[in-house]
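Colleague: coords.cif is reproduced below (mmCIF, C-alpha atoms).
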```
data_entry
#
loop_
_atom_site.group_PDB
_atom_site.id
_atom_site.type_symbol
_atom_site.label_atom_id
_atom_site.label_comp_id
_atom_site.auth_asym_id
_atom_site.auth_seq_id
_atom_site.Cartn_x
_atom_site.Cartn_y
_atom_site.Cartn_z
ATOM 1 C CA MET A 13 201.593 93.731 18.296
ATOM 2 C CA SER A 14 201.488 91.244 15.456
ATOM 3 C CA ASP A 15 198.455 89.046 15.053
ATOM 4 C CA THR A 16 200.539 86.256 13.595
ATOM 5 C CA PRO A 17 200.562 84.076 16.727
ATOM 6 C CA VAL A 18 196.765 83.873 16.604
ATOM 7 C CA LYS A 19 196.747 82.942 12.937
ATOM 8 C CA ASP A 20 199.444 80.327 13.552
ATOM 9 C CA TYR A 21 197.368 78.924 16.384
ATOM 10 C CA ILE A 22 194.247 78.728 14.192
ATOM 11 C CA GLN A 23 196.142 77.160 11.303
ATOM 12 C CA ASN A 24 197.657 74.613 13.652
ATOM 13 C CA GLU A 25 194.280 73.674 15.123
ATOM 14 C CA ILE A 26 192.587 73.181 11.760
ATOM 15 C CA ASP A 27 195.580 71.136 10.579
ATOM 16 C CA GLN A 28 195.671 68.972 13.695
ATOM 17 C CA ASN A 29 191.949 68.240 13.989
ATOM 18 C CA GLU A 30 189.785 66.649 11.335
ATOM 19 C CA VAL A 31 186.836 68.751 12.376
ATOM 20 C CA THR A 32 187.221 72.002 14.283
ATOM 21 C CA LEU A 33 184.416 74.221 15.475
ATOM 22 C CA PHE A 34 185.210 77.762 16.569
ATOM 23 C CA MET A 35 182.323 78.622 18.825
ATOM 24 C CA LYS A 36 181.084 80.610 21.780
ATOM 25 C CA GLY A 37 181.228 78.455 24.876
ATOM 26 C CA SER A 38 182.126 74.782 24.973
ATOM 27 C CA PRO A 39 180.422 71.857 23.193
ATOM 28 C CA VAL A 40 178.980 70.810 26.549
ATOM 29 C CA PHE A 41 177.890 74.311 27.489
ATOM 30 C CA PRO A 42 177.480 76.529 24.406
ATOM 31 C CA GLN A 43 177.016 80.228 25.168
ATOM 32 C CA CYS A 44 175.117 81.092 22.027
ATOM 33 C CA GLY A 45 172.157 79.579 20.218
ATOM 34 C CA PHE A 46 173.908 79.492 16.862
ATOM 35 C CA SER A 47 176.904 77.643 18.298
ATOM 36 C CA ALA A 48 174.550 75.287 20.118
ATOM 37 C CA ALA A 49 172.730 74.485 16.868
ATOM 38 C CA VAL A 50 175.936 73.437 15.111
ATOM 39 C CA VAL A 51 177.063 71.362 18.099
ATOM 40 C CA GLN A 52 173.713 69.617 18.016
ATOM 41 C CA ILE A 53 173.966 68.815 14.300
ATOM 42 C CA LEU A 54 177.509 67.469 14.639
ATOM 43 C CA GLY A 55 176.387 65.426 17.623
ATOM 44 C CA HIS A 56 173.440 64.075 15.681
ATOM 45 C CA LEU A 57 175.794 62.915 12.932
ATOM 46 C CA ASN A 58 178.207 61.454 15.512
ATOM 47 C CA VAL A 59 181.016 63.610 14.209
ATOM 48 C CA LYS A 60 184.019 63.825 16.477
ATOM 49 C CA PHE A 61 185.152 67.439 16.606
ATOM 50 C CA LYS A 62 187.233 69.841 18.617
ATOM 51 C CA GLY A 63 185.322 72.816 19.953
ATOM 52 C CA ILE A 64 187.346 75.966 20.547
ATOM 53 C CA ASP A 65 185.778 78.662 22.697
ATOM 54 C CA VAL A 66 186.568 82.068 21.198
ATOM 55 C CA LEU A 67 185.184 83.813 24.275
ATOM 56 C CA GLN A 68 188.261 82.676 26.201
ATOM 57 C CA ASP A 69 190.553 84.933 24.197
ATOM 58 C CA GLY A 70 189.838 88.351 22.699
ATOM 59 C CA ASP A 71 192.625 87.999 20.126
ATOM 60 C CA LEU A 72 191.232 84.690 18.950
ATOM 61 C CA ARG A 73 187.696 86.046 18.806
ATOM 62 C CA GLN A 74 188.860 88.799 16.448
ATOM 63 C CA GLY A 75 191.543 86.692 14.753
ATOM 64 C CA ILE A 76 189.202 83.939 13.588
ATOM 65 C CA LYS A 77 187.037 86.495 11.803
ATOM 66 C CA GLU A 78 190.008 87.824 9.866
ATOM 67 C CA PHE A 79 191.473 84.393 9.259
ATOM 68 C CA SER A 80 188.280 83.106 7.642
ATOM 69 C CA GLN A 81 187.119 86.443 6.239
ATOM 70 C CA TRP A 82 183.890 85.669 8.007
ATOM 71 C CA PRO A 83 182.481 88.116 10.551
ATOM 72 C CA THR A 84 180.490 85.746 12.723
ATOM 73 C CA VAL A 85 180.950 82.756 15.006
ATOM 74 C CA PRO A 86 180.420 79.741 14.920
ATOM 75 C CA GLN A 87 182.726 78.657 12.123
ATOM 76 C CA LEU A 88 183.235 75.076 11.043
ATOM 77 C CA TYR A 89 186.418 73.722 9.498
ATOM 78 C CA VAL A 90 186.763 70.232 8.045
ATOM 79 C CA LYS A 91 190.266 69.034 7.199
ATOM 80 C CA GLY A 92 191.517 72.571 6.958
ATOM 81 C CA GLU A 93 188.658 73.781 4.766
ATOM 82 C CA PHE A 94 186.203 76.437 5.871
ATOM 83 C CA VAL A 95 182.692 75.042 5.503
ATOM 84 C CA GLY A 96 180.574 77.857 6.887
ATOM 85 C CA GLY A 97 178.634 79.200 9.826
ATOM 86 C CA CYS A 98 175.371 78.216 11.414
ATOM 87 C CA ASP A 99 173.062 78.993 8.462
ATOM 88 C CA ILE A 100 175.180 77.041 6.004
ATOM 89 C CA ILE A 101 175.661 74.048 8.278
ATOM 90 C CA ARG A 102 171.947 73.936 8.984
ATOM 91 C CA GLU A 103 171.016 74.262 5.292
ATOM 92 C CA MET A 104 173.510 71.579 4.298
ATOM 93 C CA PHE A 105 172.305 69.269 7.051
ATOM 94 C CA GLU A 106 168.647 69.707 6.133
ATOM 95 C CA ALA A 107 169.413 69.037 2.465
ATOM 96 C CA GLY A 108 171.462 65.945 3.366
ATOM 97 C CA GLU A 109 174.527 67.610 1.863
ATOM 98 C CA LEU A 110 176.511 67.812 5.060
ATOM 99 C CA GLN A 111 176.423 64.040 5.426
ATOM 100 C CA THR A 112 177.634 63.621 1.832
ATOM 101 C CA TYR A 113 180.313 66.244 2.306
ATOM 102 C CA LEU A 114 181.654 64.553 5.425
ATOM 103 C CA GLU A 115 181.710 61.203 3.649
ATOM 104 C CA GLN A 116 183.607 62.705 0.724
ATOM 105 C CA LYS A 117 186.081 64.226 3.145
ATOM 106 C CA GLU A 118 186.366 60.796 4.784
ATOM 107 C CA VAL A 119 185.540 62.125 8.192
ATOM 108 C CA ALA A 120 185.032 59.365 10.713
ATOM 109 C CA THR A 121 181.556 59.231 12.177
ATOM 110 C CA ALA A 122 181.117 56.924 15.115
ATOM 111 C CA MET B 25 165.975 105.287 10.039
ATOM 112 C CA THR B 26 165.855 101.963 11.840
ATOM 113 C CA VAL B 27 168.614 99.391 11.507
ATOM 114 C CA ALA B 28 166.181 97.168 9.600
ATOM 115 C CA ASP B 29 165.530 99.978 7.103
ATOM 116 C CA THR B 30 169.247 100.532 6.615
ATOM 117 C CA ILE B 31 169.766 96.829 5.982
ATOM 118 C CA SER B 32 166.913 96.765 3.446
ATOM 119 C CA GLU B 33 168.202 99.817 1.674
ATOM 120 C CA LYS B 34 171.772 98.590 1.366
ATOM 121 C CA LEU B 35 170.751 95.126 0.219
ATOM 122 C CA THR B 36 168.322 96.526 -2.342
ATOM 123 C CA ALA B 37 171.026 98.792 -3.755
ATOM 124 C CA GLU B 38 173.669 96.073 -3.856
ATOM 125 C CA PHE B 39 171.739 92.972 -4.932
ATOM 126 C CA ALA B 40 168.573 94.200 -6.690
ATOM 127 C CA PRO B 41 166.746 91.292 -5.024
ATOM 128 C CA GLU B 42 163.621 89.642 -6.364
ATOM 129 C CA VAL B 43 162.696 88.672 -2.843
ATOM 130 C CA LEU B 44 163.858 90.484 0.260
ATOM 131 C CA GLU B 45 162.665 90.041 3.800
ATOM 132 C CA VAL B 46 164.434 91.614 6.742
ATOM 133 C CA ILE B 47 163.056 90.154 9.921
ATOM 134 C CA ASP B 48 163.906 91.581 13.325
ATOM 135 C CA GLU B 49 164.234 88.612 15.677
ATOM 136 C CA SER B 50 165.679 90.613 18.550
ATOM 137 C CA HIS B 51 162.714 89.850 20.772
ATOM 138 C CA LEU B 52 163.647 86.160 20.639
ATOM 139 C CA HIS B 53 167.022 86.970 22.139
ATOM 140 C CA LYS B 54 165.982 89.286 24.936
ATOM 141 C CA GLY B 55 168.499 89.191 27.758
ATOM 142 C CA HIS B 56 171.042 87.193 25.758
ATOM 143 C CA VAL B 57 174.610 88.316 25.278
ATOM 144 C CA GLY B 58 174.677 91.016 22.619
ATOM 145 C CA ALA B 59 171.011 91.926 22.967
ATOM 146 C CA ARG B 60 170.382 95.584 23.751
ATOM 147 C CA PRO B 61 167.226 96.608 25.584
ATOM 148 C CA GLU B 62 166.158 98.802 22.672
ATOM 149 C CA GLY B 63 166.296 95.809 20.332
ATOM 150 C CA GLU B 64 167.424 95.752 16.683
ATOM 151 C CA THR B 65 170.346 93.433 17.345
ATOM 152 C CA HIS B 66 169.287 90.103 15.824
ATOM 153 C CA PHE B 67 168.099 89.893 12.243
ATOM 154 C CA ARG B 68 167.160 87.284 9.690
ATOM 155 C CA VAL B 69 167.440 88.103 6.010
ATOM 156 C CA VAL B 70 165.701 86.053 3.350
ATOM 157 C CA MET B 71 166.815 87.139 -0.093
ATOM 158 C CA THR B 72 166.642 85.910 -3.657
ATOM 159 C CA SER B 73 168.931 87.648 -6.107
ATOM 160 C CA ALA B 74 170.270 86.904 -9.575
ATOM 161 C CA THR B 75 173.665 88.092 -8.329
ATOM 162 C CA PHE B 76 173.914 84.805 -6.381
ATOM 163 C CA ASP B 77 173.703 82.738 -9.533
ATOM 164 C CA GLY B 78 176.731 80.455 -9.728
ATOM 165 C CA CYS B 79 177.978 81.364 -6.251
ATOM 166 C CA ASN B 80 178.326 78.779 -3.537
ATOM 167 C CA ARG B 81 176.879 79.317 -0.074
ATOM 168 C CA VAL B 82 180.048 80.719 1.431
ATOM 169 C CA ASP B 83 180.485 83.252 -1.387
ATOM 170 C CA ARG B 84 176.870 84.395 -1.125
ATOM 171 C CA GLN B 85 177.118 85.036 2.562
ATOM 172 C CA ARG B 86 180.480 86.761 2.182
ATOM 173 C CA LYS B 87 178.880 89.173 -0.313
ATOM 174 C CA VAL B 88 176.122 90.035 2.122
ATOM 175 C CA TYR B 89 178.521 90.358 5.043
ATOM 176 C CA LYS B 90 180.599 92.729 2.944
ATOM 177 C CA ALA B 91 177.587 94.872 2.025
ATOM 178 C CA LEU B 92 176.584 95.080 5.685
ATOM 179 C CA ALA B 93 180.069 95.359 7.188
ATOM 180 C CA ALA B 94 179.259 98.629 8.954
ATOM 181 C CA GLU B 95 176.121 97.187 10.537
ATOM 182 C CA LEU B 96 177.901 94.016 11.661
ATOM 183 C CA ALA B 97 180.675 96.067 13.195
ATOM 184 C CA GLY B 98 178.054 98.232 14.892
ATOM 185 C CA PRO B 99 174.542 97.539 16.104
ATOM 186 C CA VAL B 100 173.945 94.111 14.580
ATOM 187 C CA HIS B 101 174.952 91.245 16.841
ATOM 188 C CA ALA B 102 173.556 88.366 14.800
ATOM 189 C CA LEU B 103 172.540 88.028 11.182
ATOM 190 C CA ALA B 104 170.947 84.815 9.988
ATOM 191 C CA LEU B 105 170.975 84.497 6.205
ATOM 192 C CA SER B 106 168.850 82.486 3.862
ATOM 193 C CA LEU B 107 170.091 83.291 0.358
ATOM 194 C CA SER B 108 169.105 81.884 -2.985
ATOM 195 C CA ALA B 109 169.278 82.551 -6.697
ATOM 196 C CA PRO B 110 166.080 82.765 -8.767
ATOM 197 C CA GLY B 111 164.839 79.354 -9.820
ATOM 198 C CA GLY B 112 166.426 77.670 -6.835
ATOM 199 C CA GLY B 113 170.041 76.828 -6.187
#
```
Rewrite the coordinates I just gave you, this time as structure tokens.
Modeller:
Amino acid sequence: MSDTPVKDYIQNEIDQNEVTLFMKGSPVFPQCGFSAAVVQILGHLNVKFKGIDVLQDGDLRQGIKEFSQWPTVPQLYVKGEFVGGCDIIREMFEAGELQTYLEQKEVATA
Amino acid sequence: MTVADTISEKLTAEFAPEVLEVIDESHLHKGHVGARPEGETHFRVVMTSATFDGCNRVDRQRKVYKALAAELAGPVHALALSLSAPGGG
């Protein structure tokens, strides 16, 4: 079976949403500490984002790793661009770089 | 050889690091998804290597993920990375 439908789905999501977080669990109920940490940072910055639970779909869980060439979840996309996983988001946030990055990308923060 | 030893060995060979710490944090994740009772599932790597000079964060992590692909596909459930080049950056 082709994995194209999964890649199309991912591409569509990151095109449609300004900020997309591929994660384990939902933003309200994360199933993994690393996903929870990123949700918390985005929440702290009042960033509106779409959380997509990769645990709901085995093809997606594998597909996102291949799509991003990144073997772990969570993964954050901003306006179609891969930003990183938990370590990177946390480092950028602590250095104040994430805030700058989001401003440069003109991401709305409430 | 433990998983931690394998990680150290591969990273040393690939990156000739100035600083390398491989920390087993499995005990912090006991009972979580992906944690095995025998441990050695969750690691943190702190590494400083000249090979990271001029690479952005994503590229650095991709290099490490590539070097440890077999471990990530196998026993390692989570790998937290703190990577830097000598002299900061």
Colleague: Counting all atoms listed in the file, figure out which residue out of A:Asp71, A:Glu78, A:Glu93, A:Asp99 gets nearest to A:Ile53.
Modeller: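 Counting all atoms listed in the file, the residue closest to A:Ile53 is A:Asp99.
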Colleague: Using all atoms listed in the file, which chain A residues lie at most 10 Å away from chain B, written as a PyMOL selection string?
Modeller: chain A and resi 43-46+81-85+94-101+103-104
Colleague: Please indicate the distance in Å from atom CA of B:Arg84 to atom CA of B:Gly111, rounded to one decimal place.
Modeller: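 According to the coordinates, atom CA of B:Arg84 and atom CA of B:Gly111 are separated by 15.7 Å.
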Colleague: Taking into account all atoms listed in the file, which residue in the set A:Lys19, A:Arg102, A:Lys36, A:Lys117 is nearest to A:Gly63?
Modeller: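 Of A:Lys19, A:Arg102, A:Lys36, A:Lys117, the one nearest A:Gly63 is A:Lys36, counting all atoms listed in the file.
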Colleague: Between atom CA of A:Gln68 and atom CA of A:Pro39, measure the distance and give it in Å to one decimal.
Modeller: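 Distance reported for this atom pair: 13.7 Å.
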Colleague: Give me, please, the distance in Å between atom CA of B:Arg68 and atom CA of B:Glu45, quoted to one decimal.
Modeller: 7.9 Å
Colleague: Counting all atoms listed in the file, select every polymer residue within 12 Å of (165.2, 97.4, 7.1) as defined in the file's coordinates, and provide the selection as number ranges by chain.
Modeller: B: 25-36, 44-48, 64, 67-70, 92, 95, 100
Colleague: Starting from the displayed file, determine the output of the PyMOL selection byres ((chain B and resi 71-73) around 6) and express the residue list as an MDAnalysis selection string.
Modeller: chainID B and resid 41:44 70 74:76 107:109
Colleague: Nearest to A:Val90 among A:Gln23, A:Asn58, A:Thr16, A:Thr32, with distances taken over only C-alpha atoms: which residue is it?
Modeller: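 Among A:Gln23, A:Asn58, A:Thr16, A:Thr32, it is A:Thr32 that comes nearest to A:Val90.
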Colleague: On this structure, which residues satisfy the PyMOL selection byres ((chain A and resi 54) around 12), written as a VMD selection string?
Modeller: chain A and resid 31 to 33 39 47 to 53 55 to 63 88 90 98 101 to 102 104 to 105 110 to 111 114 119 to 122
Colleague: Please, can stretch 87-98 of chain A be completed to all heavy atoms and returned as a PDB file, in the frame of the given file?
Modeller:
```pdb
ATOM      1  N   GLN A  87     182.108  78.958  13.409  1.00  0.00           N
ATOM      2  CA  GLN A  87     182.726  78.657  12.123  1.00  0.00           C
ATOM      3  C   GLN A  87     183.210  77.212  12.146  1.00  0.00           C
ATOM      4  O   GLN A  87     183.909  76.813  13.074  1.00  0.00           O
ATOM      5  CB  GLN A  87     183.921  79.578  11.879  1.00  0.00           C
ATOM      6  CG  GLN A  87     183.558  81.056  11.813  1.00  0.00           C
ATOM      7  CD  GLN A  87     184.762  81.915  11.500  1.00  0.00           C
ATOM      8  OE1 GLN A  87     185.837  81.423  11.167  1.00  0.00           O
ATOM      9  NE2 GLN A  87     184.592  83.223  11.616  1.00  0.00           N
ATOM     10  N   LEU A  88     182.856  76.487  11.104  1.00  0.00           N
ATOM     11  CA  LEU A  88     183.235  75.076  11.043  1.00  0.00           C
ATOM     12  C   LEU A  88     184.318  74.840   9.990  1.00  0.00           C
ATOM     13  O   LEU A  88     184.187  75.287   8.844  1.00  0.00           O
ATOM     14  CB  LEU A  88     182.013  74.215  10.712  1.00  0.00           C
ATOM     15  CG  LEU A  88     182.257  72.694  10.713  1.00  0.00           C
ATOM     16  CD1 LEU A  88     182.507  72.170  12.123  1.00  0.00           C
ATOM     17  CD2 LEU A  88     181.098  71.945  10.074  1.00  0.00           C
ATOM     18  N   TYR A  89     185.358  74.153  10.411  1.00  0.00           N
ATOM     19  CA  TYR A  89     186.418  73.722   9.498  1.00  0.00           C
ATOM     20  C   TYR A  89     186.456  72.202   9.435  1.00  0.00           C
ATOM     21  O   TYR A  89     186.364  71.531  10.465  1.00  0.00           O
ATOM     22  CB  TYR A  89     187.789  74.228   9.975  1.00  0.00           C
ATOM     23  CG  TYR A  89     188.084  75.645   9.550  1.00  0.00           C
ATOM     24  CD1 TYR A  89     187.636  76.720  10.303  1.00  0.00           C
ATOM     25  CD2 TYR A  89     188.818  75.908   8.396  1.00  0.00           C
ATOM     26  CE1 TYR A  89     187.900  78.033   9.907  1.00  0.00           C
ATOM     27  CE2 TYR A  89     189.093  77.213   8.002  1.00  0.00           C
ATOM     28  CZ  TYR A  89     188.640  78.268   8.760  1.00  0.00           C
ATOM     29  OH  TYR A  89     188.908  79.549   8.358  1.00  0.00           O
ATOM     30  N   VAL A  90     186.585  71.670   8.227  1.00  0.00           N
ATOM     31  CA  VAL A  90     186.763  70.232   8.045  1.00  0.00           C
ATOM     32  C   VAL A  90     188.025  70.014   7.231  1.00  0.00           C
ATOM     33  O   VAL A  90     188.137  70.506   6.100  1.00  0.00           O
ATOM     34  CB  VAL A  90     185.548  69.606   7.343  1.00  0.00           C
ATOM     35  CG1 VAL A  90     185.818  68.138   7.017  1.00  0.00           C
ATOM     36  CG2 VAL A  90     184.293  69.734   8.202  1.00  0.00           C
ATOM     37  N   LYS A  91     188.966  69.307   7.836  1.00  0.00           N
ATOM     38  CA  LYS A  91     190.266  69.034   7.199  1.00  0.00           C
ATOM     39  C   LYS A  91     190.863  70.303   6.592  1.00  0.00           C
ATOM     40  O   LYS A  91     191.264  70.340   5.428  1.00  0.00           O
ATOM     41  CB  LYS A  91     190.114  67.930   6.161  1.00  0.00           C
ATOM     42  CG  LYS A  91     189.687  66.619   6.808  1.00  0.00           C
ATOM     43  CD  LYS A  91     190.108  65.393   6.044  1.00  0.00           C
ATOM     44  CE  LYS A  91     189.910  64.154   6.910  1.00  0.00           C
ATOM     45  NZ  LYS A  91     190.052  62.906   6.164  1.00  0.00           N
ATOM     46  N   GLY A  92     190.871  71.332   7.373  1.00  0.00           N
ATOM     47  CA  GLY A  92     191.517  72.571   6.958  1.00  0.00           C
ATOM     48  C   GLY A  92     190.682  73.465   6.069  1.00  0.00           C
ATOM     49  O   GLY A  92     191.103  74.563   5.718  1.00  0.00           O
ATOM     50  N   GLU A  93     189.492  73.000   5.681  1.00  0.00           N
ATOM     51  CA  GLU A  93     188.658  73.781   4.766  1.00  0.00           C
ATOM     52  C   GLU A  93     187.509  74.440   5.518  1.00  0.00           C
ATOM     53  O   GLU A  93     186.811  73.792   6.306  1.00  0.00           O
ATOM     54  CB  GLU A  93     188.101  72.850   3.681  1.00  0.00           C
ATOM     55  CG  GLU A  93     187.307  73.561   2.606  1.00  0.00           C
ATOM     56  CD  GLU A  93     186.887  72.581   1.503  1.00  0.00           C
ATOM     57  OE1 GLU A  93     185.863  71.906   1.659  1.00  0.00           O
ATOM     58  OE2 GLU A  93     187.618  72.487   0.501  1.00  0.00           O
ATOM     59  N   PHE A  94     187.315  75.711   5.252  1.00  0.00           N
ATOM     60  CA  PHE A  94     186.203  76.437   5.871  1.00  0.00           C
ATOM     61  C   PHE A  94     184.889  75.992   5.226  1.00  0.00           C
ATOM     62  O   PHE A  94     184.732  76.053   4.004  1.00  0.00           O
ATOM     63  CB  PHE A  94     186.408  77.938   5.679  1.00  0.00           C
ATOM     64  CG  PHE A  94     185.274  78.768   6.211  1.00  0.00           C
ATOM     65  CD1 PHE A  94     184.976  78.765   7.566  1.00  0.00           C
ATOM     66  CD2 PHE A  94     184.501  79.541   5.365  1.00  0.00           C
ATOM     67  CE1 PHE A  94     183.927  79.533   8.066  1.00  0.00           C
ATOM     68  CE2 PHE A  94     183.455  80.306   5.849  1.00  0.00           C
ATOM     69  CZ  PHE A  94     183.168  80.307   7.201  1.00  0.00           C
ATOM     70  N   VAL A  95     183.968  75.526   6.040  1.00  0.00           N
ATOM     71  CA  VAL A  95     182.692  75.042   5.503  1.00  0.00           C
ATOM     72  C   VAL A  95     181.608  76.113   5.613  1.00  0.00           C
ATOM     73  O   VAL A  95     180.822  76.314   4.694  1.00  0.00           O
ATOM     74  CB  VAL A  95     182.220  73.762   6.231  1.00  0.00           C
ATOM     75  CG1 VAL A  95     180.975  73.192   5.560  1.00  0.00           C
ATOM     76  CG2 VAL A  95     183.323  72.726   6.260  1.00  0.00           C
ATOM     77  N   GLY A  96     181.577  76.808   6.746  1.00  0.00           N
ATOM     78  CA  GLY A  96     180.574  77.857   6.887  1.00  0.00           C
ATOM     79  C   GLY A  96     180.192  78.082   8.335  1.00  0.00           C
ATOM     80  O   GLY A  96     180.789  77.518   9.256  1.00  0.00           O
ATOM     81  N   GLY A  97     179.177  78.909   8.507  1.00  0.00           N
ATOM     82  CA  GLY A  97     178.634  79.200   9.826  1.00  0.00           C
ATOM     83  C   GLY A  97     177.324  78.458  10.038  1.00  0.00           C
ATOM     84  O   GLY A  97     177.009  77.508   9.322  1.00  0.00           O
ATOM     85  N   CYS A  98     176.568  78.930  10.999  1.00  0.00           N
ATOM     86  CA  CYS A  98     175.371  78.216  11.414  1.00  0.00           C
ATOM     87  C   CYS A  98     174.350  78.031  10.285  1.00  0.00           C
ATOM     88  O   CYS A  98     173.820  76.934  10.092  1.00  0.00           O
ATOM     89  CB  CYS A  98     174.745  78.943  12.591  1.00  0.00           C
ATOM     90  SG  CYS A  98     173.241  78.180  13.171  1.00  0.00           S
TER      91      CYS A  98
END
```
